[in-house]
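Peer 1: If it helps, the file is called coords-v7.cif and holds mmCIF, C-alpha atoms; chains and numbers go by the auth columns:
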```cif
data_run
#
loop_
_atom_site.group_PDB
_atom_site.id
_atom_site.type_symbol
_atom_site.label_atom_id
_atom_site.label_comp_id
_atom_site.label_asym_id
_atom_site.label_seq_id
_atom_site.Cartn_x
_atom_site.Cartn_y
_atom_site.Cartn_z
_atom_site.B_iso_or_equiv
_atom_site.auth_seq_id
_atom_site.auth_asym_id
ATOM 1 C CA MET A 1 66.647 70.272 94.807 0.00 1 A
ATOM 2 C CA SER A 2 66.131 72.122 98.048 0.00 2 A
ATOM 3 C CA ASP A 3 68.958 70.431 99.922 0.00 3 A
ATOM 4 C CA GLU A 4 71.202 73.168 101.309 0.00 4 A
ATOM 5 C CA THR A 5 74.416 71.205 100.703 0.00 5 A
ATOM 6 C CA THR A 6 73.481 70.694 97.055 0.00 6 A
ATOM 7 C CA GLN A 7 72.622 74.379 96.690 0.00 7 A
ATOM 8 C CA ARG A 8 76.004 75.272 98.142 0.00 8 A
ATOM 9 C CA ARG A 9 77.758 72.989 95.615 0.00 9 A
ATOM 10 C CA ILE A 10 75.892 74.639 92.739 0.00 10 A
ATOM 11 C CA ALA A 11 76.698 78.082 94.217 0.00 11 A
ATOM 12 C CA GLN A 12 80.427 77.225 94.183 0.00 12 A
ATOM 13 C CA MET A 13 80.189 76.905 90.406 0.00 13 A
ATOM 14 C CA VAL A 14 79.029 80.533 90.091 0.00 14 A
ATOM 15 C CA PRO A 15 81.896 83.056 89.994 0.00 15 A
ATOM 16 C CA ARG A 16 81.738 85.778 92.646 0.00 16 A
ATOM 17 C CA GLY A 17 79.980 88.940 91.520 0.00 17 A
ATOM 18 C CA SER A 18 78.204 87.255 88.593 0.00 18 A
ATOM 19 C CA ARG A 19 74.992 88.545 87.105 0.00 19 A
ATOM 20 C CA VAL A 20 72.660 85.536 87.423 0.00 20 A
ATOM 21 C CA LEU A 21 69.301 84.497 85.984 0.00 21 A
ATOM 22 C CA ASP A 22 67.703 81.588 87.877 0.00 22 A
ATOM 23 C CA LEU A 23 65.041 79.906 85.729 0.00 23 A
ATOM 24 C CA GLY A 24 62.383 78.180 87.805 0.00 24 A
ATOM 25 C CA CYS A 25 63.883 79.688 90.957 0.00 25 A
ATOM 26 C CA GLY A 26 61.257 78.241 93.321 0.00 26 A
ATOM 27 C CA ASP A 27 61.309 80.075 96.651 0.00 27 A
ATOM 28 C CA GLY A 28 64.493 81.973 95.730 0.00 28 A
ATOM 29 C CA ALA A 29 66.755 80.187 98.229 0.00 29 A
ATOM 30 C CA LEU A 30 69.620 79.602 95.777 0.00 30 A
ATOM 31 C CA LEU A 31 69.574 83.135 94.397 0.00 31 A
ATOM 32 C CA ASP A 32 69.414 84.490 97.957 0.00 32 A
ATOM 33 C CA LEU A 33 72.483 82.395 98.835 0.00 33 A
ATOM 34 C CA LEU A 34 74.321 83.675 95.758 0.00 34 A
ATOM 35 C CA GLN A 35 73.516 87.283 96.635 0.00 35 A
ATOM 36 C CA ARG A 36 74.513 86.997 100.305 0.00 36 A
ATOM 37 C CA GLU A 37 77.605 84.820 100.050 0.00 37 A
ATOM 38 C CA ARG A 38 78.927 85.300 96.519 0.00 38 A
ATOM 39 C CA GLY A 39 78.026 88.945 95.840 0.00 39 A
ATOM 40 C CA CYS A 40 75.902 88.059 92.818 0.00 40 A
ATOM 41 C CA THR A 41 73.065 90.111 91.359 0.00 41 A
ATOM 42 C CA GLY A 42 70.242 89.114 89.070 0.00 42 A
ATOM 43 C CA TYR A 43 66.730 87.783 88.826 0.00 43 A
ATOM 44 C CA GLY A 44 64.716 84.692 89.465 0.00 44 A
ATOM 45 C CA VAL A 45 62.019 83.552 87.066 0.00 45 A
ATOM 46 C CA GLU A 46 59.100 81.685 88.612 0.00 46 A
ATOM 47 C CA ILE A 47 55.501 80.965 87.673 0.00 47 A
ATOM 48 C CA ALA A 48 53.939 79.848 90.979 0.00 48 A
ATOM 49 C CA ASP A 49 52.287 82.658 92.972 0.00 49 A
ATOM 50 C CA GLY A 50 53.350 81.234 96.354 0.00 50 A
ATOM 51 C CA ASN A 51 56.986 80.954 95.312 0.00 51 A
ATOM 52 C CA VAL A 52 56.995 84.475 93.846 0.00 52 A
ATOM 53 C CA LEU A 53 55.798 85.758 97.222 0.00 53 A
ATOM 54 C CA LYS A 54 58.532 83.785 99.024 0.00 54 A
ATOM 55 C CA CYS A 55 61.144 85.314 96.699 0.00 55 A
ATOM 56 C CA VAL A 56 59.877 88.809 97.424 0.00 56 A
ATOM 57 C CA ARG A 57 59.989 88.114 101.172 0.00 57 A
ATOM 58 C CA ARG A 58 63.625 86.976 100.810 0.00 58 A
ATOM 59 C CA GLY A 59 64.510 90.138 98.929 0.00 59 A
ATOM 60 C CA VAL A 60 65.106 88.265 95.671 0.00 60 A
ATOM 61 C CA ASP A 61 64.153 90.124 92.494 0.00 61 A
ATOM 62 C CA VAL A 62 61.725 87.833 90.710 0.00 62 A
ATOM 63 C CA ILE A 63 59.819 87.955 87.436 0.00 63 A
ATOM 64 C CA GLN A 64 56.631 85.937 87.204 0.00 64 A
ATOM 65 C CA LEU A 65 56.845 84.253 83.831 0.00 65 A
ATOM 66 C CA ASN A 66 55.863 80.972 82.221 0.00 66 A
ATOM 67 C CA LEU A 67 59.095 79.531 80.811 0.00 67 A
ATOM 68 C CA GLU A 68 57.085 77.760 78.118 0.00 68 A
ATOM 69 C CA GLU A 69 56.718 81.227 76.562 0.00 69 A
ATOM 70 C CA GLY A 70 60.498 81.614 76.227 0.00 70 A
ATOM 71 C CA LEU A 71 62.932 84.321 77.278 0.00 71 A
ATOM 72 C CA ALA A 72 62.276 86.974 74.606 0.00 72 A
ATOM 73 C CA LEU A 73 62.320 89.774 77.208 0.00 73 A
ATOM 74 C CA PHE A 74 66.060 89.185 77.789 0.00 74 A
ATOM 75 C CA GLN A 75 68.742 90.309 75.357 0.00 75 A
ATOM 76 C CA ASP A 76 71.655 88.142 74.224 0.00 76 A
ATOM 77 C CA ALA A 77 74.406 87.703 76.842 0.00 77 A
ATOM 78 C CA SER A 78 72.463 89.675 79.480 0.00 78 A
ATOM 79 C CA PHE A 79 73.761 87.403 82.246 0.00 79 A
ATOM 80 C CA ASP A 80 77.033 85.763 83.177 0.00 80 A
ATOM 81 C CA ILE A 81 75.285 82.616 84.446 0.00 81 A
ATOM 82 C CA VAL A 82 71.840 81.165 83.764 0.00 82 A
ATOM 83 C CA LEU A 83 70.689 78.469 86.173 0.00 83 A
ATOM 84 C CA GLN A 84 68.202 75.706 85.401 0.00 84 A
ATOM 85 C CA ILE A 85 68.173 73.712 88.617 0.00 85 A
ATOM 86 C CA ASP A 86 65.416 71.091 88.574 0.00 86 A
ATOM 87 C CA THR A 87 63.615 72.991 85.819 0.00 87 A
ATOM 88 C CA LEU A 88 64.379 71.201 82.558 0.00 88 A
ATOM 89 C CA GLN A 89 62.333 68.082 83.380 0.00 89 A
ATOM 90 C CA HIS A 90 59.199 70.216 83.843 0.00 90 A
ATOM 91 C CA LEU A 91 59.333 71.930 80.450 0.00 91 A
ATOM 92 C CA ARG A 92 57.696 70.924 77.197 0.00 92 A
ATOM 93 C CA ASN A 93 60.152 73.130 75.304 0.00 93 A
ATOM 94 C CA ALA A 94 63.289 71.745 76.982 0.00 94 A
ATOM 95 C CA GLU A 95 65.440 71.929 73.856 0.00 95 A
ATOM 96 C CA VAL A 96 64.419 75.524 73.125 0.00 96 A
ATOM 97 C CA MET A 97 65.105 76.513 76.745 0.00 97 A
ATOM 98 C CA LEU A 98 68.602 75.036 76.568 0.00 98 A
ATOM 99 C CA ARG A 99 69.379 77.172 73.549 0.00 99 A
ATOM 100 C CA GLU A 100 67.799 80.189 75.269 0.00 100 A
ATOM 101 C CA THR A 101 69.925 79.521 78.357 0.00 101 A
ATOM 102 C CA VAL A 102 73.151 79.976 76.405 0.00 102 A
ATOM 103 C CA ARG A 103 71.701 82.840 74.375 0.00 103 A
ATOM 104 C CA VAL A 104 70.847 85.051 77.365 0.00 104 A
ATOM 105 C CA GLY A 105 73.773 83.834 79.478 0.00 105 A
ATOM 106 C CA ARG A 106 77.419 83.281 78.748 0.00 106 A
ATOM 107 C CA VAL A 107 77.333 80.022 80.736 0.00 107 A
ATOM 108 C CA GLY A 108 74.461 77.773 81.784 0.00 108 A
ATOM 109 C CA ILE A 109 74.371 75.495 84.807 0.00 109 A
ATOM 110 C CA ILE A 110 71.830 72.712 84.465 0.00 110 A
ATOM 111 C CA ALA A 111 70.873 70.117 87.097 0.00 111 A
ATOM 112 C CA PHE A 112 68.143 67.494 86.912 0.00 112 A
ATOM 113 C CA PRO A 113 67.221 64.081 88.339 0.00 113 A
ATOM 114 C CA ASN A 114 69.294 61.381 86.640 0.00 114 A
ATOM 115 C CA PHE A 115 66.847 58.637 85.717 0.00 115 A
ATOM 116 C CA ALA A 116 69.715 56.180 85.045 0.00 116 A
ATOM 117 C CA HIS A 117 70.804 56.146 88.703 0.00 117 A
ATOM 118 C CA TRP A 118 71.080 52.478 89.760 0.00 118 A
ATOM 119 C CA PRO A 119 68.129 52.482 92.247 0.00 119 A
ATOM 120 C CA ASN A 120 65.899 53.780 89.438 0.00 120 A
ATOM 121 C CA ARG A 121 67.137 51.035 87.130 0.00 121 A
ATOM 122 C CA LEU A 122 66.394 48.456 89.804 0.00 122 A
ATOM 123 C CA SER A 123 62.837 49.752 90.229 0.00 123 A
ATOM 124 C CA ILE A 124 62.251 49.528 86.473 0.00 124 A
ATOM 125 C CA ALA A 125 63.697 45.987 86.413 0.00 125 A
ATOM 126 C CA ARG A 126 61.153 45.092 89.111 0.00 126 A
ATOM 127 C CA GLY A 127 58.395 46.491 86.927 0.00 127 A
ATOM 128 C CA ARG A 128 57.730 49.729 88.841 0.00 128 A
ATOM 129 C CA MET A 129 58.499 53.373 88.234 0.00 129 A
ATOM 130 C CA PRO A 130 61.051 54.615 90.783 0.00 130 A
ATOM 131 C CA VAL A 131 60.054 56.550 93.886 0.00 131 A
ATOM 132 C CA THR A 132 63.187 57.837 95.607 0.00 132 A
ATOM 133 C CA ARG A 133 64.323 60.824 97.641 0.00 133 A
ATOM 134 C CA ARG A 134 65.325 62.473 94.355 0.00 134 A
ATOM 135 C CA LEU A 135 62.167 61.365 92.501 0.00 135 A
ATOM 136 C CA PRO A 136 59.599 61.394 95.329 0.00 136 A
ATOM 137 C CA TYR A 137 56.430 61.191 93.244 0.00 137 A
ATOM 138 C CA GLU A 138 54.359 58.299 91.968 0.00 138 A
ATOM 139 C CA TRP A 139 54.167 58.045 88.186 0.00 139 A
ATOM 140 C CA TYR A 140 50.609 59.410 88.136 0.00 140 A
ATOM 141 C CA ASP A 141 51.204 62.574 90.197 0.00 141 A
ATOM 142 C CA THR A 142 54.717 63.681 89.217 0.00 142 A
ATOM 143 C CA PRO A 143 55.323 67.249 88.063 0.00 143 A
ATOM 144 C CA ASN A 144 58.138 65.870 85.855 0.00 144 A
ATOM 145 C CA ILE A 145 56.973 65.562 82.279 0.00 145 A
ATOM 146 C CA ARG A 146 60.358 64.258 81.143 0.00 146 A
ATOM 147 C CA VAL A 147 62.885 61.816 82.453 0.00 147 A
ATOM 148 C CA GLY A 148 66.479 62.028 81.336 0.00 148 A
ATOM 149 C CA THR A 149 69.870 60.610 82.056 0.00 149 A
ATOM 150 C CA PHE A 150 73.394 61.910 82.205 0.00 150 A
ATOM 151 C CA LYS A 151 74.116 60.348 78.813 0.00 151 A
ATOM 152 C CA ASP A 152 70.871 61.713 77.316 0.00 152 A
ATOM 153 C CA PHE A 153 71.888 65.246 78.253 0.00 153 A
ATOM 154 C CA GLU A 154 75.343 64.831 76.741 0.00 154 A
ATOM 155 C CA ALA A 155 73.706 63.793 73.456 0.00 155 A
ATOM 156 C CA LEU A 156 71.207 66.683 73.624 0.00 156 A
ATOM 157 C CA ALA A 157 73.997 69.184 74.264 0.00 157 A
ATOM 158 C CA HIS A 158 75.941 67.857 71.274 0.00 158 A
ATOM 159 C CA LYS A 159 72.839 67.981 69.054 0.00 159 A
ATOM 160 C CA ASN A 160 72.259 71.635 70.004 0.00 160 A
ATOM 161 C CA LYS A 161 75.926 72.631 69.535 0.00 161 A
ATOM 162 C CA LEU A 162 76.464 73.267 73.240 0.00 162 A
ATOM 163 C CA ARG A 163 79.892 72.740 74.730 0.00 163 A
ATOM 164 C CA VAL A 164 79.989 70.887 78.050 0.00 164 A
ATOM 165 C CA LEU A 165 82.531 72.682 80.250 0.00 165 A
ATOM 166 C CA GLU A 166 82.007 70.475 83.288 0.00 166 A
ATOM 167 C CA ALA A 167 79.843 67.473 84.098 0.00 167 A
ATOM 168 C CA PHE A 168 79.417 65.432 87.255 0.00 168 A
ATOM 169 C CA GLY A 169 76.811 63.822 89.422 0.00 169 A
ATOM 170 C CA LEU A 170 75.667 64.565 92.953 0.00 170 A
ATOM 171 C CA GLN A 171 74.683 61.812 95.359 0.00 171 A
ATOM 172 C CA ASN A 172 74.109 62.279 99.083 0.00 172 A
ATOM 173 C CA GLU A 173 75.687 65.726 98.799 0.00 173 A
ATOM 174 C CA ARG A 174 78.881 64.223 97.319 0.00 174 A
ATOM 175 C CA GLU A 175 80.313 64.859 93.894 0.00 175 A
ATOM 176 C CA VAL A 176 80.396 61.780 91.657 0.00 176 A
ATOM 177 C CA ARG A 177 82.752 61.933 88.679 0.00 177 A
ATOM 178 C CA TRP A 178 83.352 58.215 88.105 0.00 178 A
ATOM 179 C CA LEU A 179 80.354 56.557 86.380 0.00 179 A
ATOM 180 C CA PRO A 180 77.924 59.376 87.309 0.00 180 A
ATOM 181 C CA ASN A 181 75.226 57.979 84.994 0.00 181 A
ATOM 182 C CA ALA A 182 74.838 54.941 87.264 0.00 182 A
ATOM 183 C CA ARG A 183 76.079 56.291 90.600 0.00 183 A
ATOM 184 C CA ALA A 184 74.391 59.699 90.999 0.00 184 A
ATOM 185 C CA GLY A 185 70.785 60.783 91.512 0.00 185 A
ATOM 186 C CA THR A 186 71.444 64.270 90.144 0.00 186 A
ATOM 187 C CA ALA A 187 73.179 65.206 86.897 0.00 187 A
ATOM 188 C CA VAL A 188 74.961 68.578 86.820 0.00 188 A
ATOM 189 C CA PHE A 189 76.317 70.266 83.696 0.00 189 A
ATOM 190 C CA ARG A 190 78.039 73.580 83.034 0.00 190 A
ATOM 191 C CA ILE A 191 77.553 74.505 79.372 0.00 191 A
ATOM 192 C CA GLU A 192 78.157 77.255 76.867 0.00 192 A
ATOM 193 C CA ARG A 193 77.407 77.837 73.218 0.00 193 A
ATOM 194 C CA SER A 194 79.970 76.236 70.915 0.00 194 A
ATOM 195 C CA ALA A 195 82.147 78.670 68.984 0.00 195 A
#
```
Show me the file's structure as structure tokens.

Peer 2:
Amino acid sequence: MSDETTQRRIAQMVPRGSRVLDLGCGDGALLDLLQRERGCTGYGVEIADGNVLKCVRRGVDVIQLNLEEGLALFQDASFDIVLQIDTLQHLRNAEVMLRETVRVGRVGIIAFPNFAHWPNRLSIARGRMPVTRRLPYEWYDTPNIRVGTFKDFEALAHKNKLRVLEAFGLQNEREVRWLPNARAGTAVFRIERSA
């Protein structure tokens, strides 16, 4: 999700001055934006050497870590916000990482490709896996090991005793709140641990 407009929408969800952990931060663009324009501090977590170097060049504090190994190096409630933007679908331990997100952060913001978006459904009905702007890979070379939908995430959050504070879709840089499961290519959730 490198689109600048989408990054700006996610950034608006982060309170000014927050301490942020960005899991799977890529080249650090979102964390850089949060630091410059929202006065946030924090760290990115990234595994890819090239992206770690890009983060360093941007002035983003980054820790090179495989998220499959968990977040044991962070204490409970170390961060105000933990971001998982286009990360969850790449993880084998997705459920564990959701619980870790709300353990190390007070609030988690999760965004991922919504597989139930109507163009994806149409591709499946035609017998083909979808290839779209949001899902640009063929089935045999995708880095996504999971596909999920808006409704799937709601069920997963409930199963893991996570409270959904806000949920909407993003499509063509617009917020979609009416029927986001069918009308949006990206699902966005703001979550916290249930009391």

Peer 1: List the neighbours of Asn160 (chain A) out to 8 Å using all atoms listed in the file; skip same-chain residues closer than 4 positions along the sequence, and give me the result as a list of chain:residue names.

Peer 2: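 My list of contacting residues is A:Glu95, A:Arg99, A:Leu156.
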
Peer 1: Determine, for each residue of region 50-103 of chain A having at least one atom at most 10 Å from an atom of region 134-146 of chain A, the closest pair of atoms and their separation in Å to one decimal, counting only C-alpha atoms; order by chain and ascending number, as JSON lines.

Peer 2:
```
{"residue": "A:Asp86", "atom": "CA", "partner": "A:Asn144", "partner_atom": "CA", "distance": 9.4}
{"residue": "A:Thr87", "atom": "CA", "partner": "A:Asn144", "partner_atom": "CA", "distance": 9.0}
{"residue": "A:Leu88", "atom": "CA", "partner": "A:Arg146", "partner_atom": "CA", "distance": 8.1}
{"residue": "A:Gln89", "atom": "CA", "partner": "A:Arg146", "partner_atom": "CA", "distance": 4.9}
{"residue": "A:His90", "atom": "CA", "partner": "A:Asn144", "partner_atom": "CA", "distance": 4.9}
{"residue": "A:Leu91", "atom": "CA", "partner": "A:Ile145", "partner_atom": "CA", "distance": 7.0}
{"residue": "A:Arg92", "atom": "CA", "partner": "A:Ile145", "partner_atom": "CA", "distance": 7.4}
{"residue": "A:Ala94", "atom": "CA", "partner": "A:Arg146", "partner_atom": "CA", "distance": 9.1}
```

Peer 1: Show me the residues close to (52.8, 80.8, 91.2) - anything with an atom within 10 Å, counting all atoms listed in the file - and format the list as a list in words.

Peer 2: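 Within the cut-off we find Gly26, Glu46, Ile47, Ala48, Asp49, Gly50, Asn51, Val52, Leu53, Gln64, Leu65 and Asn66 of chain A.
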
Peer 1: For Asn120 (chain A), find every residue with an atom within 8 Å (counting only C-alpha atoms), except residues of its own chain fewer than 4 positions away, and show them as a PDB file with C-alpha atoms, keeping the file's coordinate frame.

Peer 2:
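Once written, selection33.pdb looks like this:
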```pdb
ATOM      1  CA  PHE A 115      66.847  58.637  85.717  1.00  0.00           C
ATOM      2  CA  ALA A 116      69.715  56.180  85.045  1.00  0.00           C
ATOM      3  CA  ILE A 124      62.251  49.528  86.473  1.00  0.00           C
ATOM      4  CA  MET A 129      58.499  53.373  88.234  1.00  0.00           C
ATOM      5  CA  PRO A 130      61.051  54.615  90.783  1.00  0.00           C
ATOM      6  CA  VAL A 131      60.054  56.550  93.886  1.00  0.00           C
ATOM      7  CA  THR A 132      63.187  57.837  95.607  1.00  0.00           C
TER       8      THR A 132
END
```

Peer 1: Give the answer as one residue: which of A:Asn181, A:Asn93, A:Thr101, A:Gln84 has the shortest atom-to-atom distance to Leu71 (chain A), using all atoms listed in the file?

Peer 2: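 Closest to Leu71 (chain A) of all the choices is A:Thr101.
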
Peer 1: Could you list the residues chosen by the PyMOL selection byres ((chain A and resi 174) around 10) in this structure as a list in words?

Peer 2: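 Written out, the selection comes to Thr5, Thr6, Arg9, Gly169, Leu170, Gln171, Asn172, Glu173, Glu175, Val176, Arg177 and Ala184 of chain A.
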
Peer 1: On this structure, the PyMOL selection byres ((chain A and resi 11) around 9) would catch which residues? List them as a PyMOL selection string, sorted by chain and number.

Peer 2: chain A and resi 6-10+12-15+30-31+33-34+37-38

Peer 1: Any chance you can output those residues with C-alpha atoms as a short mmCIF file (atom, residue, chain, number, x, y, z; two decimals), in the frame of the given file?

Peer 2:
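As a result, out-v2.cif now contains:
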```
data_model
loop_
_atom_site.label_atom_id
_atom_site.label_comp_id
_atom_site.auth_asym_id
_atom_site.auth_seq_id
_atom_site.Cartn_x
_atom_site.Cartn_y
_atom_site.Cartn_z
CA THR A 6 73.48 70.69 97.06
CA GLN A 7 72.62 74.38 96.69
CA ARG A 8 76.00 75.27 98.14
CA ARG A 9 77.76 72.99 95.62
CA ILE A 10 75.89 74.64 92.74
CA GLN A 12 80.43 77.22 94.18
CA MET A 13 80.19 76.90 90.41
CA VAL A 14 79.03 80.53 90.09
CA PRO A 15 81.90 83.06 89.99
CA LEU A 30 69.62 79.60 95.78
CA LEU A 31 69.57 83.14 94.40
CA LEU A 33 72.48 82.40 98.84
CA LEU A 34 74.32 83.68 95.76
CA GLU A 37 77.60 84.82 100.05
CA ARG A 38 78.93 85.30 96.52
#
```

Peer 1: One decimal, Å: what's the distance from CA of Val107 (chain A) over to CA of Leu179 (chain A), could you say?

Peer 2: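 These atoms are spaced 24.3 Å apart.
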
Peer 1: If the PyMOL selection byres ((chain A and resi 76) around 6) were run on this exact file, what residues would it hold? Put them as a ChimeraX atom specification.

Peer 2: /A:75,77-78,103-104

Peer 1: In Å, with one decimal, what is the gap from CA of Ala187 (chain A) to CA of Val147 (chain A)?

Peer 2: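 Result for CA of Ala187 (chain A) versus CA of Val147 (chain A): 11.7 Å, one decimal.
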
Peer 1: Which is closest to Leu23 (chain A) among A:Val96, A:Leu67, A:Ala155, A:Val102, if we use all atoms listed in the file?

Peer 2: A:Leu67

Peer 1: Would you compute the distance between CA of Arg58 (chain A) and CA of Gly44 (chain A)? Give it in Å to one decimal.

Peer 2: 11.6 Å

Peer 1: I'd like the contact shell of Phe79 (chain A) - 7 Å cut-off, all atoms listed in the file, skipping same-chain residues fewer than 6 positions apart - returned as a VMD selection string.

Peer 2: chain A and resid 19 to 21 104 to 106

Peer 1: Between A:Ile109, A:Leu162, A:Leu73, A:Cys55, single out the one closest to Val188 (chain A), counting only C-alpha atoms.

Peer 2: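 Going through A:Ile109, A:Leu162, A:Leu73, A:Cys55 one by one, the smallest distance to Val188 (chain A) is for A:Ile109.
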